[in-house]
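For reference, the structure is listed below as structure tokens.
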Amino acid sequence: MTESLPLTPEATMAEPAIRVMFTAQQIAARVREMGLQIARDLEGQHPLFIGVLKGACMFQCDLARATPLDVTLDFLSVSSYGAGTTSSGTVRLISDLRNDIAGAHVVLCEGVVDSGLTLSFILDLLRARQPASVRVATLLDKVPCRKTPVPVDYAGWRIGSEFVIGYGMDAAERYRNLPFVGVIEES
Ligand code: PRP
């Protein structure tokens, strides 16, 4: 059985369960700005963009395309949320990087930083491997939800405690391919 997903903001107007928070156009414009900022900060370097799967997949690729430097890509897979909408508090490494990051200028790409537990776990893991530098870029920063302090160098937007979907982010694995960021409204 197939389900039809609301793939455009227009279609979402007819799907009252999802409210658009940031349109695809807003996201593209903000990601372009972030890429240029990163290029200024890492001028002359060849940064390694590490995406935290799966939520960062869209953001990482768009950010890399928006960064006019010689960028390489790698991926980490961790999980803390499972099928729920709140963090279990336990972060698990599901798959590791392919690259040795010693001496690399790393830009860690996240879709959303919430409690900070995932980011804290990953930063510990990466720093132990002695990169030249680590910067954190996230599309969304849920500042009020922090349970542990973590550094965020580049944030697309600071938001509240809304559970966000789309542009890589999911609810029980659905909605990752929406081109916008939205919120499932309580019915
Ligand atoms: C989400 C998100 C971040 C993490 C942030 O990942 O992509 O990685 O939660 O939450 P935290 O700051 O409270 O730790 P999730 O575990 O849902 O997996 P996913 O990326 O595969 O969707």
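If you're wondering about the labels, chains in the structure tokens are A, B, ... by order shown, residues count from 1 in each chain, ligands from 1 in order shown.
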
Check your understanding: Once you count only C-alpha atoms and all ligand atoms, which residues end up within 6 Å of ligand 1, and could you hand them over as an MDAnalysis selection string?
Key -> chainID A and resid 52:55 79:81 87 111:118 169:170

Selected residues written out with N, CA and C atoms, as a tab-separated table (two decimals), in the first residue's frame:
chain	number	residue	atom	x	y	z
A	52	VAL	N	26.17	13.69	10.22
A	52	VAL	CA	25.63	12.77	11.22
A	52	VAL	C	24.32	12.20	10.66
A	53	LEU	N	24.40	10.96	10.22
A	53	LEU	CA	23.23	10.30	9.62
A	53	LEU	C	22.22	9.90	10.68
A	54	LYS	N	20.96	9.88	10.32
A	54	LYS	CA	20.60	10.23	8.97
A	54	LYS	C	20.14	11.68	8.85
A	55	GLY	N	19.86	12.30	9.97
A	55	GLY	CA	19.18	13.60	9.96
A	55	GLY	C	19.89	14.70	9.20
A	79	SER	N	22.55	6.81	16.74
A	79	SER	CA	21.11	6.85	17.01
A	79	SER	C	20.86	7.00	18.49
A	80	SER	N	19.91	7.86	18.79
A	80	SER	CA	19.50	7.97	20.20
A	80	SER	C	17.99	8.01	20.32
A	81	TYR	N	17.30	8.33	19.21
A	81	TYR	CA	15.87	8.55	19.31
A	81	TYR	C	15.03	7.33	18.98
A	87	SER	N	14.64	12.03	23.07
A	87	SER	CA	15.86	11.26	23.13
A	87	SER	C	15.81	10.23	24.25
A	111	GLY	N	21.60	17.95	11.56
A	111	GLY	CA	20.31	18.51	11.17
A	111	GLY	C	19.75	19.36	12.29
A	112	VAL	N	19.80	18.81	13.49
A	112	VAL	CA	19.28	19.52	14.65
A	112	VAL	C	20.08	19.13	15.89
A	113	VAL	N	20.39	20.12	16.70
A	113	VAL	CA	20.98	19.87	18.03
A	113	VAL	C	19.88	20.12	19.04
A	114	ASP	N	19.60	19.12	19.85
A	114	ASP	CA	18.47	19.17	20.78
A	114	ASP	C	19.03	19.14	22.20
A	115	SER	N	19.07	17.97	22.82
A	115	SER	CA	19.64	17.88	24.17
A	115	SER	C	21.15	18.16	24.16
A	116	GLY	N	21.78	17.91	23.02
A	116	GLY	CA	23.24	18.03	22.93
A	116	GLY	C	23.96	16.73	23.22
A	117	LEU	N	23.22	15.70	23.61
A	117	LEU	CA	23.86	14.43	24.00
A	117	LEU	C	24.53	13.75	22.81
A	118	THR	N	23.87	13.78	21.66
A	118	THR	CA	24.47	13.18	20.46
A	118	THR	C	25.75	13.92	20.08
A	169	MET	N	15.08	15.23	8.37
A	169	MET	CA	14.65	14.84	9.72
A	169	MET	C	13.32	14.08	9.68
A	170	ASP	N	13.18	13.17	10.61
A	170	ASP	CA	12.09	12.20	10.51
A	170	ASP	C	11.19	12.16	11.74

Exercise for review: Can you pull out every residue within 8 Å of range 153-163 of chain A, counting only C-alpha atoms, but drop anything in the same chain fewer than 4 positions away, and send it as a list in words?
Suggested key: Arg30, Val31, Met34, Thr85, Arg135, Val136, Ala137, Thr138, Leu139, Leu140, Asp141, Lys142, Val143, Pro144, Cys145, Val183 and Ile184 of chain A

Suppose we keep C-alpha atoms; can you now write the selection as a JSON list (two decimals), in the first residue's frame?
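Final output, saved to result36.json:
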[["chain", "number", "residue", "atom", "x", "y", "z"],
["A", 30, "ARG", "CA", 20.37, 30.35, 4.73],
["A", 31, "VAL", "CA", 22.52, 27.36, 3.76],
["A", 34, "MET", "CA", 26.44, 29.44, 6.03],
["A", 85, "THR", "CA", 10.15, 11.83, 19.48],
["A", 135, "ARG", "CA", 33.58, 23.19, 13.93],
["A", 136, "VAL", "CA", 29.91, 22.35, 14.37],
["A", 137, "ALA", "CA", 27.28, 23.35, 11.82],
["A", 138, "THR", "CA", 23.62, 22.61, 12.39],
["A", 139, "LEU", "CA", 20.57, 23.64, 10.42],
["A", 140, "LEU", "CA", 18.52, 23.94, 13.60],
["A", 141, "ASP", "CA", 19.54, 24.60, 17.17],
["A", 142, "LYS", "CA", 16.94, 23.80, 19.83],
["A", 143, "VAL", "CA", 18.65, 25.89, 22.49],
["A", 144, "PRO", "CA", 15.93, 25.53, 25.20],
["A", 145, "CYS", "CA", 16.26, 21.72, 25.09],
["A", 183, "VAL", "CA", 6.18, 20.55, 12.56],
["A", 184, "ILE", "CA", 3.51, 17.91, 13.03]]

Practice item. Within range 4-187 of chain A, find each residue whose DSSP state, derived from the backbone, is strand (DSSP E), and express the selection as a VMD selection string. Key: chain A and resid 18 to 22 48 to 53 72 to 79 92 to 95 105 to 113 133 to 141 154 to 158 164 to 165 181 to 184

Practice item. Skip range 60-62 of chain A itself and residues of its chain fewer than 2 positions away, then list as JSON, numbers by chain all residues within 10 Å of it, counting only C-alpha atoms. Key: {"A": [27, 28, 31, 32, 35, 49, 50, 51, 52, 53, 55, 56, 57, 58, 64, 65, 66, 67, 73, 74, 75, 107, 108, 109, 110, 111, 137, 138, 139, 168]}

Close residues, Ala102 in chain A itself excluded, 12 Å, only C-alpha atoms, min 5 positions apart in chain, as a PDB file with C-alpha atoms, in the first residue's frame:
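So selection-v2.pdb came out as:
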ATOM      1  CA  LEU A  48      36.225  17.466   5.840  1.00  0.00           C
ATOM      2  CA  LEU A 126      36.319  12.985  17.061  1.00  0.00           C
ATOM      3  CA  ARG A 127      38.604  14.963  19.364  1.00  0.00           C
ATOM      4  CA  ALA A 128      40.271  11.754  20.530  1.00  0.00           C
ATOM      5  CA  ARG A 129      41.405  11.291  16.913  1.00  0.00           C
ATOM      6  CA  GLN A 130      43.307  14.589  16.920  1.00  0.00           C
ATOM      7  CA  PRO A 131      41.841  16.608  14.082  1.00  0.00           C
ATOM      8  CA  ALA A 132      43.408  20.027  13.442  1.00  0.00           C
ATOM      9  CA  SER A 133      40.072  21.663  14.256  1.00  0.00           C
ATOM     10  CA  VAL A 134      36.414  20.808  14.704  1.00  0.00           C
TER      11      VAL A 134
END

Exercise for review: Taking the chain letters and numbering used in this document, name the residues of range 24-63 of chain A that DSSP puts in helix (DSSP H, G or I), as a PyMOL selection string.
Suggested key: chain A and resi 24-41+57-63

Output file for the residues above (N, CA and C atoms, as a tab-separated table (two decimals), in the first residue's frame):
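The file below, selection_38.tsv, is the result:
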chain	number	residue	atom	x	y	z
A	24	ALA	N	11.60	25.60	1.54
A	24	ALA	CA	12.80	25.18	0.81
A	24	ALA	C	13.61	26.40	0.38
A	25	GLN	N	12.93	27.48	0.01
A	25	GLN	CA	13.63	28.70	-0.43
A	25	GLN	C	14.39	29.33	0.74
A	26	GLN	N	13.76	29.38	1.89
A	26	GLN	CA	14.43	29.95	3.07
A	26	GLN	C	15.65	29.11	3.44
A	27	ILE	N	15.48	27.80	3.38
A	27	ILE	CA	16.59	26.91	3.72
A	27	ILE	C	17.75	27.11	2.73
A	28	ALA	N	17.43	27.16	1.45
A	28	ALA	CA	18.49	27.32	0.45
A	28	ALA	C	19.27	28.62	0.67
A	29	ALA	N	18.55	29.69	0.97
A	29	ALA	CA	19.20	30.99	1.17
A	29	ALA	C	20.09	30.96	2.41
A	30	ARG	N	19.60	30.38	3.48
A	30	ARG	CA	20.37	30.35	4.73
A	30	ARG	C	21.59	29.43	4.59
A	31	VAL	N	21.40	28.30	3.93
A	31	VAL	CA	22.52	27.36	3.76
A	31	VAL	C	23.61	28.01	2.90
A	32	ARG	N	23.20	28.79	1.89
A	32	ARG	CA	24.19	29.51	1.07
A	32	ARG	C	25.01	30.45	1.94
A	33	GLU	N	24.34	31.18	2.82
A	33	GLU	CA	25.07	32.11	3.70
A	33	GLU	C	26.05	31.34	4.60
A	34	MET	N	25.58	30.21	5.12
A	34	MET	CA	26.44	29.44	6.03
A	34	MET	C	27.67	28.90	5.29
A	35	GLY	N	27.45	28.44	4.05
A	35	GLY	CA	28.57	27.92	3.26
A	35	GLY	C	29.62	28.99	3.00
A	36	LEU	N	29.16	30.19	2.71
A	36	LEU	CA	30.10	31.29	2.45
A	36	LEU	C	30.86	31.67	3.72
A	37	GLN	N	30.15	31.64	4.85
A	37	GLN	CA	30.80	31.94	6.13
A	37	GLN	C	31.89	30.90	6.44
A	38	ILE	N	31.56	29.65	6.23
A	38	ILE	CA	32.53	28.58	6.47
A	38	ILE	C	33.74	28.73	5.54
A	39	ALA	N	33.48	29.10	4.30
A	39	ALA	CA	34.58	29.28	3.35
A	39	ALA	C	35.48	30.43	3.79
A	40	ARG	N	34.89	31.48	4.35
A	40	ARG	CA	35.72	32.59	4.85
A	40	ARG	C	36.55	32.12	6.04
A	41	ASP	N	35.92	31.37	6.94
A	41	ASP	CA	36.62	30.95	8.17
A	41	ASP	C	37.69	29.91	7.89
A	57	CYS	N	21.64	14.45	6.43
A	57	CYS	CA	22.02	14.10	5.05
A	57	CYS	C	21.78	15.24	4.06
A	58	MET	N	20.60	15.84	4.08
A	58	MET	CA	20.30	16.91	3.12
A	58	MET	C	21.15	18.14	3.40
A	59	PHE	N	21.21	18.50	4.66
A	59	PHE	CA	21.94	19.70	5.06
A	59	PHE	C	23.42	19.58	4.71
A	60	GLN	N	24.02	18.45	5.02
A	60	GLN	CA	25.44	18.28	4.75
A	60	GLN	C	25.74	18.46	3.25
A	61	CYS	N	24.96	17.83	2.42
A	61	CYS	CA	25.23	17.89	0.97
A	61	CYS	C	24.99	19.30	0.44
A	62	ASP	N	23.92	19.94	0.88
A	62	ASP	CA	23.67	21.31	0.41
A	62	ASP	C	24.72	22.28	0.94
A	63	LEU	N	25.13	22.08	2.19
A	63	LEU	CA	26.16	22.96	2.77
A	63	LEU	C	27.48	22.79	2.02

Point to revise | Interatomic distance, CA of Lys147 in chain A to CA of Asp124 in chain A (Å, one decimal) | key: 16.1 Å

Check your understanding: Quick one, how far is CA of Arg19 in chain A from CA of Pro179 in chain A?
Key -> 13.0 Å

Surrounding residues of Met21 in chain A excluding itself and chain neighbours under 3 positions, 8 Å, only C-alpha atoms, as a short mmCIF file (atom, residue, chain, number, x, y, z; two decimals) with all heavy atoms, in the first residue's frame:
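What ended up in result-v3.cif:
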data_model
loop_
_atom_site.label_atom_id
_atom_site.label_comp_id
_atom_site.auth_asym_id
_atom_site.auth_seq_id
_atom_site.Cartn_x
_atom_site.Cartn_y
_atom_site.Cartn_z
N PHE A 180 11.11 20.96 2.83
CA PHE A 180 11.00 22.04 3.82
C PHE A 180 11.08 21.45 5.22
O PHE A 180 11.03 20.23 5.40
CB PHE A 180 9.68 22.81 3.64
CG PHE A 180 8.47 21.92 3.73
CD1 PHE A 180 7.85 21.67 4.95
CD2 PHE A 180 7.95 21.30 2.59
CE1 PHE A 180 6.74 20.84 5.04
CE2 PHE A 180 6.84 20.47 2.66
CZ PHE A 180 6.24 20.24 3.88
N VAL A 181 11.23 22.30 6.22
CA VAL A 181 11.18 21.86 7.62
C VAL A 181 9.80 22.18 8.16
O VAL A 181 9.29 23.29 7.97
CB VAL A 181 12.26 22.58 8.46
CG1 VAL A 181 12.06 22.30 9.96
CG2 VAL A 181 13.65 22.13 8.03
N GLY A 182 9.21 21.20 8.80
CA GLY A 182 7.88 21.41 9.33
C GLY A 182 7.72 20.81 10.72
O GLY A 182 8.63 20.19 11.26
N VAL A 183 6.52 21.05 11.24
CA VAL A 183 6.18 20.55 12.56
C VAL A 183 4.84 19.82 12.46
O VAL A 183 3.90 20.33 11.84
CB VAL A 183 6.02 21.73 13.57
CG1 VAL A 183 5.60 21.21 14.94
CG2 VAL A 183 7.31 22.51 13.66
#
